[in-house]
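S.K.: What follows is a single structure, and I will ask about it in a moment.
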Amino acid sequence: MSNKMLTTPMRQLTYIVDLNKCIGCQTCTVACKKLWTTTPGQEFMYWRNVETTPGRGYPRDWQNKGGGYKNGMLQKDGHRPTLEEYGVPFEFDYAARLFEGKKGRVKPSPEPRWSPNWDEEQGVGEYPNNIFQYLPRMCNHCENPACLEACPNDAIYKRAEDGLNIVNLEKCKGAQDCIKACPYGKVYFNETDQKANKCIGCFPRIEKGVAPACVAQCVGRAMHVGFIDDVESSVYKLANVWKVAIPMHPEFGTKPNVLYIPPFVGPAMQDENGNMMMTQKMPLDVLQGLFGPEVGGVLAVLKAERAKKIAGQGSKLMDTMIGELSDSMMISPMT
Amino acid sequence: MNKFGSTRRGFLKAMGQVSLGMLVNGSIVMRTLAQTKDPMMQHDYTGWENFHREQWSWDKKTRGTHLVNCTGSCPHFVYTRNGVVMREEQSKDIPKLNGVPEYNPRGCNKGECAVDYQYGPHRIKYPLIRVGERGEGKWRRVSWDEALEYVANGIVDTIKNDASDCISVFTPVPAVAPVSFAAGHRFASFIGGHTHTFFDWYADHPTGQTQVQGLQGDTCETADWYNGRTILMWGANSASTRIPDAHFLQEAVLNGSKMYVISPDFNSTATKADVFVPIKPGTDAALALSMVHVIVKEKLYDEHNLKEQTDLPFLIRTDTKMYLREADMVEGGSEEKFYTWDTKTKKPVLMKGSWGEEPEKRAKLQPGFMGRNTFVFPDGHLDLGDLDPALEGTFKVKLADGVKVNVQPVFEVYKPKLNEYTPENVSKITGVAPSVIIQMARDFAMNKPSMIITGGGTNHWYWSDTVLRAFILLCAVTGNEGYNGTGVNHYVGQWKPTPLLGVVKLSFPHSPKKHRFCQTTIWTYYHGNVYDAMENDGVDTAKYLREALETGQMPLYPQNGRDPKVFICYRGNWLNNAKGLDYVLRNLWPKMNLTVDMNFRMDSTALYSDVVLPSAHWYEKTDLSMTEEHTFIHMTEPAIAPLWESKPDWEIFALLSKKVGEVAKKKGFTKYFDEKFNIARDLTKLHDQQIDGGKLATDEQACQFILDNAPQTQGMTLDMIRKEGPQRFKSNWTSPMKEGVPYTPYQHFIMKKKPWPTLTGREQFYIDHPTFFELGVELPVYKAPVDADQYPLRFNTPHSRYSVHSTWKDNVLQQRLQRGGPMCEISPADAETRGIKDNDWVEVFNDHGRVVVRCKIRNGEQSGRVTMHHEPELYVDLLGGGNSQSPIPVRINPTALVGNYAHLKFKPNYYGPGGVQRDARVEIRRHTGSVTV
Ligand code: SF4
Ligand code: SF4
Ligand code: SF4
């Protein structure tokens with residue numbers, strides 16, 4: 001399928017996002033931003049972002065942007081999101097108002113029309129049966145990285161020691177084909193230095209045995225990270241033993257190494273008199289739209305395991321997801 | 001070909017870590033397989049990767065936290081490179097407790113960019129004196145000396161020409177930055193000024209808890225949430241506003257607990273609930289009482305707990321509705337001793353532990369958080385022994401004067417009222433289906449331990465006290481108190497400075513009895529000439545207030561009808577957050593001859609001040625931090641020296657006290673006599689007093705002073721915290737601390753059976769006070785929200801995910817993650833009937849004020865109300881004046897003015913009227929005027 005030699009890494013780092021635990025707090029977004037993307041040209045980019053689904057997402061309507069693989073063929077003609085679709089970063093002139101006596105209120109510029117989290121918590125459906133779910137997103141460090149294959153300058157590589165897909169900033173010539181090819185909209189173009197920028201998987205931290213910022217700093221304790229060949233790791237157990245962690249949009253064909261535990265907890269539908277019904281509010285087709293047909297089976301496993309906990313029996317799966325010790329969810333969280 | 005040495009080294013190091021795992025876990029086969037794969041290093045690893053490695057590097061790592069009223073108290077490390085603070089990250093070293101997930105990593109989206117306030121555009125760099133109008137933002141940069149002299153002149157002139165009590169110092173929340181907190185209180189104490197209450201004023205004080213339990217408040221630490229099997233999230237939205245703690249709920253749910261979220265809107269926490277209970281705003285007490293109704297009807301209640309721990313078996317006279325007192329029965333008997341009816345002997349029997357009973361050993365200390373110190377009573381004091389108190393029935397007793405009267409246990413008196421709260425009736429009030437009420441009641445009574453987690457959503461109402469009384473009743477009738485995983489757990493405001501004694505000694509050097517505590521709600525209502533429109537709801541606030549002030553039940557400063565003249569504000573954004581904002585700006589603020597703000601950022605109060613003094617950021621000074629949400633104390637310390645000309649608050653007040661002495665000398669006015677406290681004051685000694693002759697010259701010394709002077713922290717040192725990380729308290733307020741066990745309150749009462757610090761010595765649900773009778777709240781009942789404003793929509797002003805009150809409201813990153821400015825939110829239906837579209841500018845208004853704000857349409861919002869996250873700064877993107885506080889007047893519930901009823905008395909932040917945030921009604925319409933300013 002690939003027109004290029006893709007290195008098979010010695011080991012692959014795998015990330016898991018537990019959507020049952022993510023509270024949409026944006027701590028990971030901020031942690032990533034403050035660590036990696038603070039220079040001019042990077043204002044609009046959030047390598048890690050948290051959006052509301054169903055929703056238009058960041059960049060806007062990324063789920064229809066194209067790219068990825070169809071029947072094994074790289075789709076090079078994906079959309080290159082505009083700054084407006086990412087959300088033009090608001091600027092504020094506080095100093096003038098607060099210290100120089102400029103009149104009026106401090107206005108965001110440009111006039112707000114869109115931003116990365118514009119439709120936060122709007123979701124769909126009618127109260128009280130409306131739904132929404134937080135969806136943290138980052139580069140998937142895919143096994144079939146469309147970005148890598150699309151790059152005409154061989155600037156993107158998969159690191160041998162951890163399988164992270166990285167843009168070599170020295171080699172990048174600003175062709176932007178990676179941006180078109182990534183179906184997740186997770187490569188960004190830095191206009192200031194004319195290079196593609198993307199999540200680096202926090203490799204400098206990984207090298208020191210420290211979990212990535214978005215994992216180690218996740219206050220929902222919703223993130224797992226580890227080498228998938230490590231049978232003691234929570235990522236191995238969740239993805240390979242219990243098989244409850246699955247990729248988002250598998251049909252994009254890139255084989256993500258960021259996996260999701262779909263949301264199985266959540267309230268039931270209510271009838272018009274407010275009585276609780278048997279069906280859950282979150283409709284299966286919404287989850288299938290995100291995670292493919294597999295998701296139904298995954299939900300069944302998760303529900304059965306929680307039922308054991310409700311009945312006062314144990315569940316190793318639930319314990320793994322609870323993760324009493326952060327150490328059991330990731331390579332060390334400590335810095 | 002790897003010409004990049006450090007990759008290899010780092011790689012080996014990572015592998016080294018793994019191999020430790022191999023030995024322990026025996027997973028060597030997999031690893032070997034992984035390692036034998038040919039790495040095929042055909043990529044050209046140049047040194048460029050170092051670029052990213054350098055981004056994650058530092059030459060200094062210090063402890064830090066955010067000294068803001070968020071309740072988080074999250075320990076962080078602060079990373080500095082070449083003298084520039086780069087970023088912060090949670091320190092993740094809070095010790096784990098047994099059987100519950102760990103606290104780490106505590107933090108939030110704001111905390112992880114707190115560094116922005118060090119270098120951001122809001123930073124106050126130099127002392128400033130206003131040259132334009134207040135609020136204009138026109139300043140003259142001055143030297144510290146000039147600024148301090150300006151302030152000192154104002155202070156000395158006010159003492160000389162008016163009185164020392166015309167000087168007001170506002171600084172809230174001692175749990176965060178107790179040293180900073182103490183600096184200004186200490187100063188006010190020595191000059192005889194007044195300081196402000198805040199817990200009540202912020203509408204955070206759980207008034208109903210004080211009424212029932214005689215406590216300022218106490219809760220479990222949040223790790224204990226995990227132990228609840230039935231969890232009612234009731235008026236709290238932890239996923240948005242208790243971000244560091246929310247995980248315990250998701251983890252409890254995975255662990256098999258059942259979580260109900262009771263909320264008018266489908267909020268972020270509700271997405272994780274088993275049951276979302278969409279309730280009509282402000283009707284929570286009705287729902288709780290209906291649950292009690294079901295529990296009583298189905299006989300699911302814990303009879304022993306009711307008889308031993310509550311006043312429900314205490315006898316009430318049917319003729320007077322008052323408790324049967326010893327004074328009724330015995331000549332010269334106590335007014336504060338009470339009876340039950342013993343079903344065995346068929347006689348009234350005096351109950352032990354009530355207010356009139358003095359312990360053998362008198363208490364040396366009266367902790368500020370409780371009505372009186374009942375811990376000196378022996379263990380087992382409440383034990384019923386052979387006594388079997390009646391809960392039901394009507395009995396006859398002969399009074400001392402020979403008259404026979406009927407008496408009934410409180411429970412019997414209560415039953416007819418309780419009978420009204422059938423699920424069917426209550427469904428009509430609350431909108432909650434009877435089937436849901438019944439199921440919830442059964443779960444709460446049977447799927448134990450059960451707890452209620454509550455917050456501003458139920459506490460910010462006029463009748464919040466009745467709501468809390470109903471909540472506590474629900475826990476008491478089901479025996480859900482005192483055990484892990486139970487209780488009414490109230491988290492609004494970072495209100496628990498656990499080592500209270502140390503903080504008090506540092507803050508009130510003459511003793512709290514010789515300090516002027518102003519009750520801020522009354523102060524604002526009175527000096528702001530606030531119109532509360534309560535006559536529309538049939539309450540004459542003025543009548544109750546007059547009585548409370550005339551009889552000294554509540555304080556008002558300055559005394560003798562003087563106006564306040566000097567306002568010194570720091571660590572708080574009083575003006576921006578004031579209820580009745582428009583009244584305050586119009587009537588109160590102009591009374592001040594001098595307003596001073598000490599701050600690192602130009603918040604609204606600073607902007608509207610005359611003198612602004614630059615204070616050190618949280619990462620530039622030493623202080624302590626703690627919260628009710630966990631039981632560890634930790635610290636912040638300078639990562640770098642205070643930037644520009646800023647200084648730590650402790651130092652600022654030391655310098656100010658020195659300057660006041662100098663100015664006083666210059667003016668020939670140094671000594672005055674404070675008659676109220678019988679203190680001869682001498683301003684030339686002020687500096688020496690403030691720093692205790694040099695023993696308290698630095699903030700580090702002050703930190704250690706606090707640690708040394710409270711039993712909870714004795715033996716701890718700053719250095720210990722610095723090196724070992726957060727330290728667990730050695731003792732606590734109403735339960736002992738047990739190693740490795742999450743703290744849960746009330747064990748001194750429930751397990752040790754010491755009296756509750758209330759009139760009856762029990763959890764007291766019946767309050768036989770005239771004010772409570774007049775308002776019909778002598779028992780926990782449902783009172784409908786105030787409808788004094790004749791407008792169609794309820795105005796809801798909750799906390800936000802993206803700010804801590806007003807802090808971070810101006811942060812650029814947080815704005816970018818929202819919509820660039822403040823918003824209000826309404827339901828699609830309410831928008832449609834008003835022709836409002838998403839992102840339109842709208843006016844939210846009533847008779848008290850108006851705010852013009854952008855509107856977001858949200859499916860999860862209930863129709864009939866408009867939500868606006870509270871307190872955007874007065875300079876952020878709204879149109880016209882004001883903010884979310886403009887349509888909200890100050891409203892005083894008369895029950896909180898009671899100060900002559902045993903445990904119901906004014907003590908700062910213990911009992912007094914709260915701010916009322918949620919009862920306001922408004923209309924909203926599309927703004928058609930100009931939007932450019
Ligand atoms: S920090 Fe964790 S809980 Fe918060 S939004 Fe990110 S993934 Fe979700
Ligand atoms: S792994 Fe690191 S770079 Fe990638 S999204 Fe997470 S924090 Fe950002
Ligand atoms: S909750 Fe408070 S202490 Fe914790 S990270 Fe956020 S701002 Fe800091």
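Within each chain, counting starts at residue 1; across the structure tokens, chains are named A, B, ... in the order shown, with ligands numbered 1 upward in that order.
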What are the closest atom pairs, with distances in Å to one decimal, for each residue of chain B lying within 6 Å of chain A, using only C-alpha atoms, rows by chain and rising residue number, as a Markdown table?
M.R.:
| residue | atom | partner | partner_atom | distance |
| --- | --- | --- | --- | --- |
| B:Gly10 | CA | A:Glu207 | CA | 4.7 |
| B:Phe11 | CA | A:Glu207 | CA | 5.5 |
| B:Ala14 | CA | A:Gly209 | CA | 5.1 |
| B:Ala34 | CA | A:Met10 | CA | 5.9 |
| B:Lys37 | CA | A:Met10 | CA | 5.8 |
| B:Pro39 | CA | A:Met10 | CA | 5.4 |
| B:Arg53 | CA | A:Pro204 | CA | 5.1 |
| B:Pro101 | CA | A:Glu324 | CA | 3.8 |
| B:Glu102 | CA | A:Glu324 | CA | 5.9 |
| B:Pro105 | CA | A:Val219 | CA | 5.6 |
| B:Arg106 | CA | A:Val219 | CA | 5.9 |
| B:Cys108 | CA | A:Thr27 | CA | 5.2 |
| B:Asn109 | CA | A:Thr27 | CA | 3.9 |
| B:Glu112 | CA | A:Ala31 | CA | 5.9 |
| B:Pro121 | CA | A:Ala95 | CA | 5.5 |
| B:Glu136 | CA | A:Gly101 | CA | 5.4 |
| B:Gly137 | CA | A:Gly101 | CA | 4.3 |
| B:Lys138 | CA | A:Gly101 | CA | 4.6 |
| B:Ala239 | CA | A:Ile23 | CA | 5.4 |
| B:Pro244 | CA | A:Val219 | CA | 5.8 |
| B:His247 | CA | A:Gly220 | CA | 4.9 |
| B:Gln250 | CA | A:Lys21 | CA | 5.6 |
| B:Glu251 | CA | A:Ile322 | CA | 5.2 |
| B:Leu254 | CA | A:Met318 | CA | 5.9 |
| B:Asn255 | CA | A:Lys309 | CA | 5.7 |
| B:Gly256 | CA | A:Ile310 | CA | 4.1 |
| B:Thr271 | CA | A:Gly266 | CA | 5.4 |
| B:Lys272 | CA | A:Gly266 | CA | 4.7 |
| B:Ala273 | CA | A:Gly266 | CA | 5.1 |
| B:Asp274 | CA | A:Pro267 | CA | 4.6 |
| B:Val275 | CA | A:Pro267 | CA | 4.8 |
| B:Phe276 | CA | A:Pro267 | CA | 5.8 |
| B:Ala433 | CA | A:Gly274 | CA | 5.0 |
| B:Leu817 | CA | A:Asn117 | CA | 5.6 |
| B:Gln818 | CA | A:Asn117 | CA | 6.0 |
| B:Arg819 | CA | A:Trp118 | CA | 6.0 |
| B:Gly820 | CA | A:Pro108 | CA | 5.8 |
| B:Arg858 | CA | A:Gln122 | CA | 5.1 |
| B:Asn859 | CA | A:Gln122 | CA | 5.8 |
| B:Gly860 | CA | A:Tyr127 | CA | 5.6 |
| B:Tyr875 | CA | A:Arg105 | CA | 4.8 |
| B:Val876 | CA | A:Val106 | CA | 5.1 |
| B:Asp877 | CA | A:Lys107 | CA | 5.2 |
| B:Val933 | CA | A:Gly104 | CA | 5.8 |
S.K.: Within 7 Å of ligand 3, which residues show up when you count only C-alpha atoms and all ligand atoms? List them as an MDAnalysis selection string, please.
M.R.: chainID B and resid 65:68 70:74 106:112 243:244
S.K.: Atoms to include: C-alpha atoms. Write the selected residues as a compact mmCIF listing (two decimals), in the first residue's frame.
M.R.:
# COMPACT_ATOMS: atom_id res chain seq x y z
CA THR B 65 0.61 26.53 43.84
CA HIS B 66 -2.14 28.95 42.96
CA LEU B 67 -3.26 31.12 45.80
CA VAL B 68 -6.74 31.66 44.50
CA CYS B 70 -10.60 27.59 43.66
CA THR B 71 -10.71 24.97 46.46
CA GLY B 72 -8.10 22.97 44.55
CA SER B 73 -4.93 23.58 46.54
CA CYS B 74 -2.95 21.60 44.01
CA ARG B 106 -4.27 17.57 41.00
CA GLY B 107 -4.53 20.56 38.74
CA CYS B 108 -6.69 22.24 36.16
CA ASN B 109 -6.67 24.10 32.88
CA LYS B 110 -6.09 27.41 34.68
CA GLY B 111 -3.39 26.21 37.01
CA GLU B 112 -1.32 24.87 34.13
CA ILE B 243 -11.77 19.79 38.24
CA PRO B 244 -9.00 18.31 40.43
S.K.: Distance CA of Val407 in chain B-CA of Arg762 in chain B, one decimal place?
M.R.: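 It comes out at 19.0 Å.
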S.K.: Choose the residue, out of B:Arg63, B:Glu89, B:Arg681, B:Ile750, that has the smallest atom-to-atom separation from ligand 2; count only C-alpha atoms and all ligand atoms.
M.R.: B:Glu89
S.K.: For Gly776 in chain B, work out the shell of residues within 12 Å, counting only C-alpha atoms and skipping chain neighbours fewer than 2 positions away, then give it as a list of chain:residue names.
M.R.: B:Lys417, B:Trp463, B:Thr466, B:Tyr766, B:Ile767, B:Asp768, B:His769, B:Pro770, B:Thr771, B:Phe772, B:Phe773, B:Glu774, B:Glu778, B:Leu779, B:Pro780, B:Val781, B:Tyr782, B:Lys783, B:Pro894, B:Thr895
S.K.: Quick one: everything within 7 Å of His927 in chain B, counting only C-alpha atoms, minus sequence neighbours fewer than 4 positions away in the same chain. Send it as a ChimeraX atom specification.
M.R.: /B:841-843
S.K.: Residues within 6 Å of range 357-366 of chain B, please, as a list of chain:residue names. Count only C-alpha atoms; anything in the same chain fewer than 5 positions from it doesn't count.
M.R.: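 Residues near the query, excluding close chain neighbours: B:Arg372, B:Asn373, B:Phe377.
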S.K.: Please, could you write that set of residues out with C-alpha atoms as a CSV table (one decimal), in the first residue's frame?
M.R.:
chain,number,residue,atom,x,y,z
B,372,ARG,CA,-19.1,26.1,71.4
B,373,ASN,CA,-16.4,23.6,72.3
B,377,PHE,CA,-17.4,16.4,77.2
S.K.: Enumerate, as a list of chain:residue names, the complete set of residues in range 74-164 of chain A that a backbone-based DSSP assignment places in strand (DSSP E or B).
M.R.: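 Selection result, strand (DSSP E or B) within range 74-164 of chain A: A:Leu74, A:Glu91, A:Glu100, A:Ser109, A:Val124, A:Ile131, A:Gln133, A:Tyr134, A:Leu135, A:Pro136, A:Arg137, A:Ile156, A:Tyr157, A:Lys158.
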S.K.: Identify which of the residues A:Tyr260, A:Tyr236, A:Tyr86, A:Phe291 lies closest to ligand 1, counting only C-alpha atoms and all ligand atoms when measuring atom-to-atom distances.
M.R.: A:Tyr260
S.K.: So, with only C-alpha atoms and all ligand atoms as the atoms that count, which of B:Thr717, B:Ser180, B:Ser240, B:Ser464 lies closest to ligand 1?
M.R.: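 When distances to ligand 1 are compared using only C-alpha atoms and all ligand atoms, the smallest one comes from B:Ser240.
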S.K.: As an exercise, work out the distance from CA of His293 in chain B to CA of Leu312 in chain B in Å and give it to one decimal place.
M.R.: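 Between CA of His293 in chain B and CA of Leu312 in chain B the gap is 14.8 Å.
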S.K.: Could you give me the residues within range 186-277 of chain A that DSSP places in alpha helix (DSSP H), as a PyMOL selection string?
M.R.: chain A and resi 203-207+213-216+234-236
